[in-house]
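**Student:** Could you have a look at this structure, given as structure tokens, before my questions?
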Number of protein chains: 2
Amino acid sequence: MTKIISIIEKVQNANDQLAAEIQEQLQQARLFSLNLMASPGAGKTSVIEKTLAELIPLYNIAAIDGDIATSIDADRAAEAGATAVQINTGGQCHIDANMLKIALGEFELDNFDLLLVENVGNLICPASFKLGTDKNVLIASIPEGDDKPYKYPGMYQDVDALIINKIDLLPYVDFDMDYFKQGVQMLNPDLLTFPISCKTGEGIESWTNWVIGQIKTTKSS
Amino acid sequence: MTKIISIIEKVQNANDQLAAEIQEQLQQARLFSLNLMASPGAGKTSVIEKTLAELIPLYNIAAIDGDIATSIDADRAAEAGATAVQINTGGQCHIDANMLKIALGEFELDNFDLLLVENVGNLICPASFKLGTDKNVLIASIPEGDDKPYKYPGMYQDVDALIINKIDLLPYVDFDMDYFKQGVQMLNPDLLTFPISCKTGEGIESWTNWVIGQIKTTKSS
């Protein structure tokens, strides 16, 4: 019954060459890097805080936080022990490779083991702008609803790992985990998935153990 | 301590003239129109369903739903009694005036009393693309967190009304309502605000009464 009008806009990938340069730069520094993407309020900064709490005793960690405005997120990362730089995009809905390259200029990369890039809160635009980081991670959250893989396929199909945050809220919201996982499976079979709660701490160790494994592999490569 | 790098991108408002044309078209049809914007999963479609449940017995209602992919939202609006059209933006993170104009061509506007436009789930891009609708409404939700007005000021400062959805989750998440409201007040003093729960129905009547008042005013203008 519903009429569908398709208005396709071709996404420009002019930043791909710059992303390749960043990738080489990070590999030379033997630095493992993560691009964390999510909807506003899914818990990107909380995941970073929990990750830092576990890993700061072990590693030197750089954090780059992208937002439209404020330095709330970088301040939180800095308080949690990272060396943090905030990018204010002035309205742009994602970090692009050019912004990241400028921000990376603020760090002596050889001194760091892990780089956490917190992208702008958005389930659309960041998917189109690769940054040259080792792994792209999507953070979903329970109260967002179980239909998000179906409605934002671009984001789900290109990521290397998926964190499902706020599982402590499962008893209080309508969220069909099977329907959610079917959508994910359709787009990204065998996607590495970490169900966690930043509030209760459930699942955090499994996530940080994976990150530690990746850091070790990068160092020995 | 945190270093801030500002990268300002000037937002193009090439669609403003088209929005003005739409505004005239809607006014001539004496149709009251709402542009509903929110983060993914804040509850735009649920708010539309609740609104339709109250108003379908009273009015003829058109719904236009924008999404990257699928017609899930327009299907839900159609099931709830609206005449619904889905716009698939093919990756674009907002509805623009051009898309809306094409979608409006599918309706005999004189036959309708209310138009509900559900924008793409995004707290950034839709703020920059006015559509010519009578009122812009932002739907925030409790689990998104209380810092959103500070981090997405563009969205909060230009809207005419704010729905705070999922208030039934207040006991289960850390959400400082005073901090949230201070942020809103700073950007948009005296913003009309409706705290609601689509799950329990709390606050819905106050919202729909406001919509009914706006429809009546538009008809008699």
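Identifiers for the structure tokens are assigned positionally: chains receive A, B, ... in sequence, residues are indexed from 1 per chain, and ligands are indexed from 1 in the order shown.
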Need to verify the contact set: Ile139 of chain B, 7 Å, only C-alpha atoms, exclusion of same-chain residues closer than 6 positions in sequence. Can you return it as a VMD selection string?
**Tutor:** chain B and resid 37 to 38 42 44 162 to 165
**Student:** Extract, using only C-alpha atoms, all DNA, RNA and protein residues at most 6 Å from segment 132-138 of chain B, discarding same-chain residues fewer than 5 positions from it, and format them as a PyMOL selection string.
**Tutor:** chain B and resi 19-20+22-23+33-38+159-162
**Student:** I need the strand (DSSP E or B) residues of segment 44-184 of chain B per DSSP on the backbone, written as a PyMOL selection string.
**Tutor:** chain B and resi 61-67+83-88+114-118+135-141+161-165
**Student:** If the cut-off is 8 Å, can you tell me the residues of chain A near chain B, counting only C-alpha atoms? I'd like them as an MDAnalysis selection string.
**Tutor:** chainID A and resid 1:9 11 39:42 67:71 74:75 78 84:93 99 103 121:125 143:145 148 150:154 169 172
**Student:** Counting only C-alpha atoms, which residue out of A:Ile61, A:Ala140, A:Val211, A:Leu170 sits closest to Leu115 of chain A?
**Tutor:**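 Of all the options, A:Ile61 lies closest to Leu115 of chain A.
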**Student:** Between atom CA of Leu109 of chain A and atom CA of Asp16 of chain A, what distance in Å does the model show, to one decimal?
**Tutor:** 21.1 Å
**Student:** So how many Å separate atom CA of Leu187 of chain A and atom CA of Asn209 of chain A, to one decimal?
**Tutor:** 25.6 Å
**Student:** Which of segment 52-199 of chain B counts as helix (DSSP H, G or I) under DSSP, as a ChimeraX atom specification please?
**Tutor:** /B:52-55,72-79,97-104,109-111,125-128,142-144,148-151,153-157,167-172,177-187
**Student:** I'd like to know which of A:Leu100, A:Ile204, A:Ala53, A:Cys198 is closest to Lys130 of chain A, using only C-alpha atoms.
**Tutor:**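 Comparing A:Leu100, A:Ile204, A:Ala53, A:Cys198 against Lys130 of chain A, the winner is A:Leu100.
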**Student:** May I ask which of the residues B:Glu108, B:Ile48, B:Asp96, B:Gln185 is the closest one to Leu26 of chain B, counting only C-alpha atoms?
**Tutor:** B:Glu108
